[in-house]
$ cat work_25.txt   # compact mmCIF, C-alpha atoms
# COMPACT_ATOMS: atom_id res chain seq x y z
CA MET N 1 -18.75 -19.90 -1.49
CA THR N 2 -15.18 -19.94 -2.77
CA LYS N 3 -13.85 -18.81 -6.15
CA THR N 4 -10.68 -20.72 -6.91
CA ASP N 5 -7.53 -20.13 -8.96
CA VAL N 6 -8.71 -16.89 -10.55
CA THR N 7 -6.37 -14.45 -12.29
CA PHE N 8 -6.27 -11.58 -14.76
CA SER N 9 -6.14 -12.20 -18.49
CA ILE N 10 -3.31 -10.11 -19.93
CA GLY N 11 0.41 -10.28 -19.14
CA GLY N 12 2.01 -10.71 -15.76
CA VAL N 13 5.00 -12.72 -14.61
CA ILE N 14 5.79 -15.58 -12.25
CA PHE N 15 9.07 -15.32 -10.35
CA ASP N 16 10.90 -16.39 -7.20
CA GLU N 17 9.06 -14.85 -4.27
CA HIS N 18 11.76 -14.85 -1.55
CA LYS N 19 9.14 -14.79 1.21
CA GLU N 20 10.56 -17.72 3.20
CA ALA N 21 12.69 -15.50 5.47
CA THR N 22 9.65 -13.90 7.15
CA GLU N 23 6.44 -15.71 6.20
CA LYS N 24 6.56 -17.86 9.36
CA LEU N 25 7.63 -15.03 11.70
CA ALA N 26 4.97 -13.54 13.97
CA ILE N 27 4.52 -9.77 14.04
CA GLU N 28 6.66 -8.03 16.67
CA ARG N 29 5.84 -4.60 18.09
CA MET N 30 8.79 -2.26 17.71
CA PRO N 31 9.24 0.11 20.68
CA SER N 32 8.48 3.77 20.00
CA PRO N 33 11.51 5.65 18.67
CA GLU N 34 13.00 8.66 20.46
CA ILE N 35 12.21 10.91 17.49
CA VAL N 36 9.44 10.65 14.90
CA ARG N 37 9.18 12.73 11.76
CA ILE N 38 5.60 13.05 10.52
CA PRO N 39 5.44 14.06 6.82
CA MET N 40 2.51 16.28 5.87
CA SER N 41 2.06 14.33 2.62
CA GLN N 42 1.57 10.58 2.99
CA HIS N 43 -1.19 10.20 0.43
CA ILE N 44 -2.40 11.01 -3.05
CA GLY N 45 -3.90 14.49 -3.04
CA ALA N 46 -3.33 17.81 -1.30
CA PRO N 47 -0.63 17.88 1.37
CA CYS N 48 -1.59 18.83 4.91
CA GLN N 49 -0.54 21.98 6.74
CA PRO N 50 0.91 21.68 10.25
CA THR N 51 -1.66 22.38 12.99
CA VAL N 52 0.94 22.49 15.79
CA ALA N 53 3.93 24.70 16.57
CA VAL N 54 7.40 24.12 17.97
CA GLY N 55 7.15 23.67 21.72
CA ASP N 56 3.63 22.19 21.68
CA LYS N 57 2.97 19.09 23.75
CA VAL N 58 1.17 16.37 21.78
CA LYS N 59 -0.31 12.96 22.44
CA ALA N 60 -0.46 9.84 20.31
CA GLY N 61 -3.39 10.00 17.91
CA GLN N 62 -3.54 13.81 17.95
CA ILE N 63 -3.88 15.58 14.60
CA VAL N 64 -0.68 17.47 13.76
CA GLY N 65 -1.51 18.24 10.13
CA ASN N 66 -4.70 18.70 8.15
CA SER N 67 -6.20 20.01 4.91
CA ASP N 68 -9.63 21.22 3.82
CA ALA N 69 -9.15 19.59 0.40
CA PHE N 70 -11.44 16.64 -0.24
CA VAL N 71 -8.67 14.41 -1.62
CA SER N 72 -6.39 14.55 1.38
CA ALA N 73 -6.15 12.88 4.80
CA ALA N 74 -5.19 14.14 8.24
CA VAL N 75 -1.84 13.15 9.78
CA HIS N 76 -1.33 12.43 13.45
CA SER N 77 1.40 12.14 16.03
CA SER N 78 2.31 8.50 16.57
CA VAL N 79 3.82 9.18 20.01
CA SER N 80 3.28 11.51 22.93
CA GLY N 81 5.91 14.17 23.45
CA GLU N 82 7.01 17.63 22.30
CA VAL N 83 7.20 19.20 18.85
CA ILE N 84 10.86 20.16 18.44
CA ALA N 85 10.89 21.26 14.80
CA ILE N 86 8.83 21.83 11.68
CA GLU N 87 11.09 21.33 8.70
CA LYS N 88 11.23 20.04 5.16
CA GLY N 89 12.65 16.63 4.47
CA TYR N 90 12.44 13.38 2.57
CA ALA N 91 10.28 10.42 3.52
CA ALA N 92 11.59 6.88 3.02
CA ASP N 93 9.90 6.64 -0.40
CA GLY N 94 11.67 9.79 -1.60
CA ARG N 95 8.80 12.26 -1.42
CA PHE N 96 9.76 15.74 -0.18
CA ALA N 97 7.40 17.43 2.26
CA ASP N 98 7.03 19.51 5.40
CA MET N 99 7.51 17.41 8.53
CA VAL N 100 6.48 17.80 12.14
CA VAL N 101 9.37 16.48 14.25
CA ILE N 102 8.36 15.15 17.68
CA LYS N 103 10.55 14.02 20.56
CA SER N 104 8.87 11.18 22.40
CA ASP N 105 8.39 11.34 26.16
CA GLY N 106 8.30 7.54 26.28
CA LYS N 107 4.74 7.43 27.65
CA ASP N 108 2.73 6.94 24.43
CA GLU N 109 -0.26 8.64 26.02
CA LEU N 110 -3.33 8.57 23.78
CA HIS N 111 -5.20 11.74 22.89
CA GLU N 112 -8.61 12.06 24.49
CA ASP N 113 -10.33 12.00 21.08
CA VAL N 114 -9.25 8.39 20.57
CA LYS N 115 -12.39 6.49 21.52
CA PRO N 116 -14.61 3.89 19.82
CA ILE N 117 -17.29 4.94 17.35
CA SER N 118 -19.93 2.82 19.03
CA ASN N 119 -22.79 4.09 16.87
CA TYR N 120 -21.07 3.45 13.53
CA LYS N 121 -23.93 1.27 12.28
CA ASP N 122 -26.27 4.25 12.60
CA LEU N 123 -24.03 6.61 10.63
CA SER N 124 -24.56 7.47 6.98
CA ILE N 125 -21.75 7.08 4.47
CA ASP N 126 -21.32 10.89 4.47
CA GLU N 127 -20.90 10.89 8.26
CA LEU N 128 -18.44 8.00 8.10
CA MET N 129 -16.45 9.79 5.41
CA VAL N 130 -15.85 12.74 7.76
CA LYS N 131 -14.56 10.44 10.50
CA VAL N 132 -12.37 8.40 8.14
CA LYS N 133 -10.80 11.56 6.66
CA ALA N 134 -10.09 12.89 10.15
CA ALA N 135 -8.53 9.51 11.06
CA GLY N 136 -6.14 9.81 8.12
CA ILE N 137 -6.82 6.34 6.69
CA VAL N 138 -5.38 5.89 3.20
CA GLY N 139 -4.64 2.98 0.90
CA MET N 140 -1.80 1.14 2.65
CA GLY N 141 -1.02 -1.20 -0.21
CA GLY N 142 1.14 1.45 -1.84
CA ALA N 143 -1.08 3.95 -3.66
CA GLY N 144 -2.10 6.03 -0.65
CA PHE N 145 -5.49 7.11 -2.00
CA PRO N 146 -7.59 8.50 0.89
CA LEU N 147 -10.12 5.88 1.99
CA HIS N 148 -12.97 8.33 2.61
CA ALA N 149 -12.88 9.38 -1.05
CA LYS N 150 -13.57 5.75 -2.08
CA LEU N 151 -16.50 5.16 0.27
CA LYS N 152 -19.19 7.09 -1.59
CA SER N 153 -21.69 4.82 -3.36
CA GLU N 154 -23.80 6.74 -5.88
CA ASP N 155 -22.94 6.53 -9.57
CA PRO N 156 -22.40 3.67 -9.96
CA VAL N 157 -23.67 2.02 -6.80
CA LEU N 158 -20.97 -0.08 -5.15
CA ASP N 159 -22.44 -3.58 -5.02
CA ILE N 160 -19.31 -5.72 -4.60
CA VAL N 161 -16.63 -5.57 -1.89
CA VAL N 162 -13.16 -7.10 -2.27
CA LEU N 163 -10.39 -7.11 0.34
CA ASN N 164 -7.02 -7.34 -1.40
CA GLY N 165 -4.87 -9.98 0.29
CA ALA N 166 -2.67 -10.75 -2.72
CA GLU N 167 0.59 -9.22 -1.45
CA CYS N 168 2.21 -10.19 -4.73
CA GLU N 169 5.54 -8.35 -4.35
CA PRO N 170 8.55 -10.54 -3.51
CA PHE N 171 9.87 -10.52 0.09
CA LEU N 172 6.82 -8.82 1.62
CA THR N 173 4.78 -10.84 4.14
CA CYS N 174 3.21 -8.21 6.42
CA ASP N 175 -0.31 -8.60 4.98
CA HIS N 176 0.08 -12.38 5.10
CA ARG N 177 0.90 -12.29 8.82
CA LEU N 178 -1.95 -9.86 9.50
CA MET N 179 -4.44 -12.23 7.86
CA LEU N 180 -3.13 -15.04 10.07
CA GLU N 181 -2.81 -13.20 13.37
CA GLU N 182 -5.74 -10.77 13.13
CA SER N 183 -8.19 -12.86 11.11
CA ASP N 184 -11.21 -11.88 13.22
CA ALA N 185 -10.49 -8.18 12.65
CA VAL N 186 -9.75 -8.59 8.94
CA ILE N 187 -12.89 -10.64 8.26
CA GLY N 188 -14.77 -8.30 10.60
CA SER N 189 -13.80 -5.36 8.41
CA LEU N 190 -15.09 -7.23 5.34
CA LYS N 191 -18.39 -7.67 7.15
CA MET N 192 -18.47 -3.94 8.00
CA PHE N 193 -18.01 -2.96 4.36
CA ALA N 194 -20.56 -5.54 3.18
CA ASP N 195 -23.11 -4.13 5.64
CA LEU N 196 -22.26 -0.56 4.63
CA TYR N 197 -23.14 -1.31 1.00
CA GLY N 198 -25.89 -3.82 1.71
CA THR N 199 -24.26 -6.50 -0.43
CA GLU N 200 -23.86 -10.24 -0.03
CA GLU N 201 -21.11 -10.30 -2.65
CA ALA N 202 -18.10 -9.58 -0.46
CA TYR N 203 -14.76 -11.38 -0.91
CA ILE N 204 -11.41 -11.69 0.76
CA ALA N 205 -9.00 -12.43 -2.11
CA ILE N 206 -5.76 -14.28 -1.31
CA GLU N 207 -3.01 -15.68 -3.54
CA LEU N 208 -2.48 -19.44 -3.50
CA ASN N 209 1.04 -19.04 -2.08
CA LYS N 210 -0.55 -18.31 1.31
CA PRO N 211 -2.37 -21.60 2.05
CA ASP N 212 -2.34 -21.02 5.83
CA ALA N 213 -4.00 -17.60 5.41
CA ILE N 214 -6.58 -19.16 3.09
CA GLU N 215 -7.40 -21.86 5.64
CA LYS N 216 -7.50 -19.34 8.49
CA SER N 217 -9.93 -17.13 6.58
CA LYS N 218 -12.13 -20.13 5.73
CA GLU N 219 -12.15 -21.14 9.38
CA THR N 220 -12.99 -17.63 10.59
CA ILE N 221 -15.88 -17.30 8.15
CA ALA N 222 -17.22 -20.78 8.95
CA ASN N 223 -17.04 -20.35 12.73
CA SER N 224 -19.10 -17.18 12.99
CA PRO N 225 -22.78 -16.99 11.98
CA GLU N 226 -22.46 -13.26 11.27
CA PHE N 227 -19.83 -14.00 8.60
CA LYS N 228 -21.82 -16.72 6.81
CA ASN N 229 -22.48 -14.66 3.66
CA LEU N 230 -18.87 -13.61 3.20
CA LYS N 231 -16.83 -15.25 0.44
CA LEU N 232 -13.27 -16.31 -0.28
CA ALA N 233 -11.45 -16.01 -3.61
CA THR N 234 -8.14 -17.75 -4.16
CA MET N 235 -5.95 -16.25 -6.86
CA LYS N 236 -3.14 -17.74 -8.90
CA THR N 237 0.29 -16.67 -7.72
CA LYS N 238 1.17 -14.21 -10.45
CA TYR N 239 2.53 -10.67 -10.36
CA PRO N 240 0.93 -8.06 -10.29
CA GLN N 241 -2.14 -9.89 -8.95
CA GLY N 242 -2.44 -7.27 -6.21
CA ASP N 243 -3.12 -4.40 -8.60
CA SER N 244 -6.71 -3.29 -8.02
CA LYS N 245 -7.71 -3.28 -11.70
CA ARG N 246 -6.22 -6.71 -12.33
CA GLN N 247 -7.91 -8.03 -9.18
CA SER N 248 -11.31 -6.63 -10.12
CA GLU N 249 -11.14 -8.57 -13.38
CA ALA N 250 -9.82 -11.73 -11.72
CA VAL N 251 -12.21 -11.95 -8.78
CA VAL N 252 -15.49 -10.53 -10.11
CA GLY N 253 -14.96 -10.25 -13.88
CA ARG N 254 -15.36 -6.48 -14.01
CA ILE N 255 -12.83 -4.73 -16.24
CA VAL N 256 -11.92 -1.19 -15.25
CA PRO N 257 -11.86 1.18 -18.26
CA PRO N 258 -8.70 3.12 -19.16
CA GLY N 259 -8.21 5.99 -16.76
CA GLY N 260 -10.80 4.57 -14.38
CA VAL N 261 -10.79 3.00 -10.93
CA THR N 262 -12.62 0.00 -9.48
CA ASN N 263 -15.36 2.25 -8.10
CA ASP N 264 -16.26 3.04 -11.71
CA VAL N 265 -17.42 -0.55 -12.20
CA GLY N 266 -19.20 -0.82 -8.86
CA VAL N 267 -16.40 -2.56 -6.96
CA PHE N 268 -15.18 -1.31 -3.59
CA LEU N 269 -11.68 -2.80 -3.35
CA THR N 270 -9.13 -2.05 -0.67
CA ASN N 271 -5.97 -3.48 0.88
CA ILE N 272 -5.98 -5.75 3.95
CA GLN N 273 -4.14 -3.24 6.15
CA THR N 274 -6.40 -0.39 5.05
CA ALA N 275 -9.43 -2.49 5.99
CA LYS N 276 -7.86 -3.35 9.37
CA ALA N 277 -7.23 0.38 9.99
CA TYR N 278 -10.92 1.05 9.28
CA TYR N 279 -11.92 -1.72 11.70
CA ASP N 280 -9.62 -0.30 14.39
CA LEU N 281 -11.07 3.18 13.91
CA LEU N 282 -14.63 1.98 14.49
CA MET N 283 -13.77 -0.42 17.32
CA THR N 284 -11.22 1.69 19.24
CA GLY N 285 -11.15 5.14 17.65
CA MET N 286 -7.48 4.71 16.73
CA PRO N 287 -6.41 6.86 13.76
CA SER N 288 -3.71 5.79 11.31
CA ILE N 289 -0.54 6.08 13.42
CA GLU N 290 1.11 2.68 12.94
CA ARG N 291 1.31 -0.19 10.48
CA VAL N 292 2.87 -3.61 9.94
CA ILE N 293 5.90 -3.75 7.65
CA THR N 294 8.30 -6.48 6.53
CA VAL N 295 12.03 -5.97 7.02
CA SER N 296 13.95 -8.46 4.90
CA GLY N 297 16.44 -8.98 2.11
CA SER N 298 19.87 -10.58 1.90
CA GLY N 299 21.46 -7.64 3.71
CA ILE N 300 19.32 -7.76 6.89
CA ASN N 301 20.73 -9.66 9.87
CA GLU N 302 17.37 -10.41 11.53
CA PRO N 303 14.42 -10.35 9.09
CA LYS N 304 11.14 -9.51 10.83
CA ASN N 305 7.52 -8.50 10.45
CA ILE N 306 7.04 -5.54 12.77
CA LEU N 307 4.30 -3.20 13.93
CA VAL N 308 5.94 0.20 13.77
CA LYS N 309 4.96 3.81 14.45
CA ILE N 310 4.46 6.07 11.44
CA GLY N 311 7.34 8.54 11.32
CA THR N 312 9.98 6.09 12.59
CA PRO N 313 13.36 6.63 10.88
CA VAL N 314 14.59 3.83 8.62
CA LYS N 315 17.83 3.76 10.64
CA ASP N 316 15.97 2.83 13.83
CA ILE N 317 14.05 0.07 12.04
CA ILE N 318 17.24 -1.46 10.65
CA GLU N 319 18.88 -1.33 14.08
CA PHE N 320 15.85 -3.08 15.61
CA CYS N 321 16.39 -5.84 13.05
CA GLY N 322 20.04 -6.38 13.93
CA GLY N 323 21.57 -4.00 11.40
CA THR N 324 22.82 -4.78 7.92
CA LYS N 325 25.37 -7.31 6.74
CA GLU N 326 28.73 -6.49 5.23
CA GLY N 327 28.37 -5.84 1.52
CA THR N 328 24.94 -4.24 1.76
CA VAL N 329 24.74 -1.70 -1.04
CA GLU N 330 21.07 -0.78 -1.31
CA ILE N 331 18.11 -0.14 0.99
CA VAL N 332 14.65 -0.19 -0.61
CA CYS N 333 11.41 1.26 0.73
CA GLY N 334 8.59 -1.05 -0.36
CA GLY N 335 8.91 -4.13 -2.56
CA PRO N 336 11.70 -4.78 -5.07
CA MET N 337 9.40 -4.29 -8.08
CA THR N 338 7.80 -0.96 -7.20
CA GLY N 339 9.84 0.29 -4.24
CA LYS N 340 12.17 3.28 -4.08
CA SER N 341 15.81 3.40 -3.02
CA VAL N 342 16.34 4.99 0.39
CA PHE N 343 19.07 7.61 0.19
CA ASP N 344 18.76 8.97 3.75
CA LEU N 345 18.48 6.54 6.66
CA GLU N 346 17.01 9.30 8.84
CA ALA N 347 14.02 9.38 6.48
CA PRO N 348 10.79 8.19 8.15
CA ILE N 349 8.41 5.48 7.04
CA ILE N 350 4.89 6.60 6.16
CA LYS N 351 1.42 5.06 5.92
CA THR N 352 2.13 3.48 2.54
CA THR N 353 5.45 1.86 3.52
CA SER N 354 5.00 -1.91 3.23
CA GLY N 355 8.61 -2.93 3.75
CA ILE N 356 12.25 -2.03 4.21
CA LEU N 357 14.55 -4.31 2.21
CA ALA N 358 18.34 -4.46 2.26
CA PHE N 359 20.34 -6.02 -0.58
CA THR N 360 24.00 -6.92 -0.88
CA ASP N 361 26.26 -6.52 -3.89
CA GLN N 362 25.47 -10.14 -4.80
CA GLU N 363 21.83 -9.29 -5.61
CA VAL N 364 22.05 -5.80 -7.07
CA ASP N 365 22.45 -6.06 -10.85
CA VAL N 366 24.58 -3.24 -12.24
CA THR N 367 24.67 -4.58 -15.80
CA PRO N 368 24.48 -1.56 -18.13
CA ALA N 369 21.56 -1.27 -20.53
CA SER N 370 22.12 -2.35 -24.12
CA PRO N 371 20.10 -1.66 -27.29
CA CYS N 372 16.64 -3.16 -27.65
CA ILE N 373 16.70 -6.55 -29.40
CA ALA N 374 13.01 -6.41 -30.36
CA CYS N 375 12.20 -9.60 -28.46
CA ASP N 376 8.68 -8.40 -27.55
CA ARG N 377 8.89 -9.69 -23.96
CA CYS N 378 7.92 -6.35 -22.44
CA VAL N 379 4.81 -6.23 -24.61
CA SER N 380 3.67 -9.81 -24.02
CA HIS N 381 4.13 -9.52 -20.23
CA CYS N 382 2.66 -6.02 -19.78
CA PRO N 383 -0.54 -6.28 -17.66
CA ALA N 384 -1.71 -2.89 -18.96
CA ASN N 385 -1.46 -4.10 -22.59
CA ILE N 386 0.77 -1.25 -23.76
CA ASN N 387 4.11 -1.22 -25.62
CA PRO N 388 6.89 -0.13 -23.23
CA THR N 389 9.66 -0.21 -25.84
CA ARG N 390 7.77 2.14 -28.18
CA ILE N 391 7.12 4.49 -25.27
CA ASN N 392 10.81 4.30 -24.34
CA ALA N 393 11.85 5.28 -27.86
CA ALA N 394 9.30 8.10 -28.00
CA ILE N 395 10.22 9.71 -24.68
CA GLU N 396 13.93 9.52 -25.49
CA ARG N 397 13.15 11.62 -28.59
CA GLY N 398 10.94 14.01 -26.64
CA ARG N 399 7.84 12.95 -28.58
CA ILE N 400 5.16 13.41 -25.95
CA ASP N 401 2.52 13.24 -28.68
CA LEU N 402 3.63 9.70 -29.53
CA CYS N 403 3.74 8.77 -25.83
CA LYS N 404 0.09 9.78 -25.62
CA GLU N 405 -0.71 7.83 -28.78
CA TYR N 406 0.97 4.77 -27.23
CA TYR N 407 -1.14 5.11 -24.03
CA ALA N 408 1.74 5.88 -21.69
CA ASP N 409 -0.80 7.25 -19.24
CA GLN N 410 -2.04 3.67 -18.71
CA CYS N 411 1.32 2.50 -17.34
CA MET N 412 0.78 1.02 -13.85
CA GLN N 413 4.47 1.24 -12.90
CA CYS N 414 4.57 -2.42 -11.90
CA GLY N 415 8.14 -2.93 -13.15
CA VAL N 416 7.37 -6.06 -15.19
CA CYS N 417 8.79 -4.64 -18.42
CA SER N 418 12.16 -3.81 -16.86
CA PHE N 419 12.22 -7.19 -15.07
CA VAL N 420 11.75 -9.29 -18.23
CA CYS N 421 13.95 -7.16 -20.53
CA PRO N 422 17.09 -9.13 -21.49
CA ALA N 423 18.77 -5.89 -22.58
CA LYS N 424 18.30 -4.45 -19.06
CA ARG N 425 16.65 -1.33 -20.43
CA PRO N 426 14.96 0.99 -17.89
CA LEU N 427 11.56 0.58 -19.52
CA CYS N 428 9.47 1.10 -16.41
CA GLU N 429 11.35 4.26 -15.48
CA THR N 430 10.98 5.81 -18.93
CA ALA N 431 7.32 4.77 -19.18
CA ASN N 432 6.72 6.42 -15.81
CA LEU N 433 8.41 9.60 -17.07
CA ALA N 434 6.30 9.48 -20.25
CA LYS N 435 3.16 8.99 -18.16
CA ARG N 436 3.94 12.11 -16.09
CA GLU N 437 4.62 14.15 -19.21
CA VAL N 438 1.39 13.01 -20.90
CA MET N 439 -0.64 13.80 -17.80
CA ALA N 440 1.02 17.21 -17.45
CA LEU N 441 0.23 17.96 -21.10
CA SER N 442 -3.40 16.93 -20.53
CA ARG N 443 -3.68 19.29 -17.56
CA LYS N 444 -2.43 22.18 -19.69
$ encode --input "work_25.txt" --output "structure tokens"
Amino acid sequence: MTKTDVTFSIGGVIFDEHKEATEKLAIERMPSPEIVRIPMSQHIGAPCQPTVAVGDKVKAGQIVGNSDAFVSAAVHSSVSGEVIAIEKGYAADGRFADMVVIKSDGKDELHEDVKPISNYKDLSIDELMVKVKAAGIVGMGGAGFPLHAKLKSEDPVLDIVVLNGAECEPFLTCDHRLMLEESDAVIGSLKMFADLYGTEEAYIAIELNKPDAIEKSKETIANSPEFKNLKLATMKTKYPQGDSKRQSEAVVGRIVPPGGVTNDVGVFLTNIQTAKAYYDLLMTGMPSIERVITVSGSGINEPKNILVKIGTPVKDIIEFCGGTKEGTVEIVCGGPMTGKSVFDLEAPIIKTTSGILAFTDQEVDVTPASPCIACDRCVSHCPANINPTRINAAIERGRIDLCKEYYADQCMQCGVCSFVCPAKRPLCETANLAKREVMALSRK
């Protein structure tokens, strides 16, 4: 069964996607770098503590950082080699954390613990949660929420599974290519989750701008008897269709309450690459040590989709893609709507890095902000149904109480308000600041 042309009901925007540079390019494996820097915080939740010391020999897939906290996820070496430093530093997305620095020996020897979980069908959810936490699998669509913490199915029972193949950010095509090139594994992971929860309502959800991925998924489901109960949902091409709350409404009609997550309405929803990492763990025992990213933008000489080791410096990735063009003024980690500027090219990519984008001075808009003209575009396009301009005015006056009254904590940081604002006001940035302040006040 196929659901067609579904979408969410409030706000959103349709824009130029700029995916043509890489959407037809097969995934290339980037060679292991000489040095990897493994941040101890690559996820929502408690950071890990290093479990190795300078001088230790490590293998690929070996845990080098861990935490006893429930909302956390282990981190692993992505290469074999020697620990040469434990230091603080910035990841590509700007987060500051302890890092285990490893010099590769060029062998990429796997740790002996990396082996298939052949009895996974006999394991309870609690037993699987332990293995998934130890494997360090987190949401790879951007949020970084530890996967094991989403698996539990009690109150409410998770009775619907959705794999998020929207990839709605401009330029990014890594999930698209994964759905094309690893369709058996992606659909196989959907089957694994459907079996885990005993449900026949399990969807792979793909935006209509990926017709080849839609056809490939249809073909994979149709050609295997074990996949016969799995379903496909095609979604209108609209940003931010990939947001989990918007997708829950679009695909299965379940609206997540304010402050809630899709689990709260009985929907297990996860990103394509996260699902593929889960599949790889069960089939091969491989923990989360690499991912597919898109390298693109007007400033990149050779745009690519690449499979790259976690901890690889941005500089090495750019060099692998032919370097940057003259006039490049900004490097972005992630997509252009939600990504962060990279201010240190030695910074490593992490599990949540979906892309590295380079832009020239022709694309970067440096128009200064001007006063609000009360056009209401930010309100009418906001998928979270809040008022960004009111929040902007409140936070500029230090009125955290008003920010709370205006539901700043419901901001999803999608960037739509800043994108549609003709006055070029930094509405998303100030709403994000207001959200942090409201949440901090609530904790007090």
$ residues_around --input "work_25.txt" --residues "Glu207 in chain N" --least-positions-apart "2" --cutoff "7 Å" --atoms "only C-alpha atoms" --output "list in words"
Ala166, Ala205, Asn209, Lys210, Thr234, Met235, Lys236 and Thr237 of chain N
$ residues_near_point --input "work_25.txt" --point "(-24.3, 6.8, -3.4)" --cutoff "12 Å" --atoms "all atoms listed in the file" --output "number ranges by chain"
N: 124-126, 149-159, 196-198, 263, 266
$ write_last_selection --input "work_25.txt" --atoms "C-alpha atoms" --output "PDB file, in the frame of the given file"
ATOM      1  CA  SER N 124     -24.560   7.470   6.980  1.00  0.00           C
ATOM      2  CA  ILE N 125     -21.750   7.080   4.470  1.00  0.00           C
ATOM      3  CA  ASP N 126     -21.320  10.890   4.470  1.00  0.00           C
ATOM      4  CA  ALA N 149     -12.880   9.380  -1.050  1.00  0.00           C
ATOM      5  CA  LYS N 150     -13.570   5.750  -2.080  1.00  0.00           C
ATOM      6  CA  LEU N 151     -16.500   5.160   0.270  1.00  0.00           C
ATOM      7  CA  LYS N 152     -19.190   7.090  -1.590  1.00  0.00           C
ATOM      8  CA  SER N 153     -21.690   4.820  -3.360  1.00  0.00           C
ATOM      9  CA  GLU N 154     -23.800   6.740  -5.880  1.00  0.00           C
ATOM     10  CA  ASP N 155     -22.940   6.530  -9.570  1.00  0.00           C
ATOM     11  CA  PRO N 156     -22.400   3.670  -9.960  1.00  0.00           C
ATOM     12  CA  VAL N 157     -23.670   2.020  -6.800  1.00  0.00           C
ATOM     13  CA  LEU N 158     -20.970  -0.080  -5.150  1.00  0.00           C
ATOM     14  CA  ASP N 159     -22.440  -3.580  -5.020  1.00  0.00           C
ATOM     15  CA  LEU N 196     -22.260  -0.560   4.630  1.00  0.00           C
ATOM     16  CA  TYR N 197     -23.140  -1.310   1.000  1.00  0.00           C
ATOM     17  CA  GLY N 198     -25.890  -3.820   1.710  1.00  0.00           C
ATOM     18  CA  ASN N 263     -15.360   2.250  -8.100  1.00  0.00           C
ATOM     19  CA  GLY N 266     -19.200  -0.820  -8.860  1.00  0.00           C
TER      20      GLY N 266
END
$ closest_residue --input "work_25.txt" --among "N:Leu230, N:Gly61, N:Tyr203, N:Val36" --to "Ala85 in chain N" --atoms "only C-alpha atoms"
N:Val36
$ closest_residue --input "work_25.txt" --among "N:Ala408, N:Ala60, N:Ile373, N:Ile400" --to "Pro422 in chain N" --atoms "all atoms listed in the file"
N:Ile373
$ closest_atom_pairs --input "work_25.txt" --of "range 103-200 of chain N" --to "range 15-20 of chain N" --cutoff "12 Å" --atoms "only C-alpha atoms" --output "JSON lines"
{"residue": "N:Glu167", "atom": "CA", "partner": "N:Lys19", "partner_atom": "CA", "distance": 10.5}
{"residue": "N:Cys168", "atom": "CA", "partner": "N:Glu17", "partner_atom": "CA", "distance": 8.3}
{"residue": "N:Glu169", "atom": "CA", "partner": "N:Glu17", "partner_atom": "CA", "distance": 7.4}
{"residue": "N:Pro170", "atom": "CA", "partner": "N:Glu17", "partner_atom": "CA", "distance": 4.4}
{"residue": "N:Phe171", "atom": "CA", "partner": "N:Lys19", "partner_atom": "CA", "distance": 4.5}
{"residue": "N:Leu172", "atom": "CA", "partner": "N:Lys19", "partner_atom": "CA", "distance": 6.4}
{"residue": "N:Thr173", "atom": "CA", "partner": "N:Lys19", "partner_atom": "CA", "distance": 6.6}
{"residue": "N:Cys174", "atom": "CA", "partner": "N:Lys19", "partner_atom": "CA", "distance": 10.3}
{"residue": "N:Asp175", "atom": "CA", "partner": "N:Lys19", "partner_atom": "CA", "distance": 11.9}
{"residue": "N:His176", "atom": "CA", "partner": "N:Lys19", "partner_atom": "CA", "distance": 10.2}
{"residue": "N:Arg177", "atom": "CA", "partner": "N:Lys19", "partner_atom": "CA", "distance": 11.5}
$ write_last_selection --input "work_25.txt" --atoms "C-alpha atoms" --output "PDB file, keeping the file's coordinate frame"
ATOM      1  CA  GLU N 167       0.590  -9.220  -1.450  1.00  0.00           C
ATOM      2  CA  CYS N 168       2.210 -10.190  -4.730  1.00  0.00           C
ATOM      3  CA  GLU N 169       5.540  -8.350  -4.350  1.00  0.00           C
ATOM      4  CA  PRO N 170       8.550 -10.540  -3.510  1.00  0.00           C
ATOM      5  CA  PHE N 171       9.870 -10.520   0.090  1.00  0.00           C
ATOM      6  CA  LEU N 172       6.820  -8.820   1.620  1.00  0.00           C
ATOM      7  CA  THR N 173       4.780 -10.840   4.140  1.00  0.00           C
ATOM      8  CA  CYS N 174       3.210  -8.210   6.420  1.00  0.00           C
ATOM      9  CA  ASP N 175      -0.310  -8.600   4.980  1.00  0.00           C
ATOM     10  CA  HIS N 176       0.080 -12.380   5.100  1.00  0.00           C
ATOM     11  CA  ARG N 177       0.900 -12.290   8.820  1.00  0.00           C
TER      12      ARG N 177
END
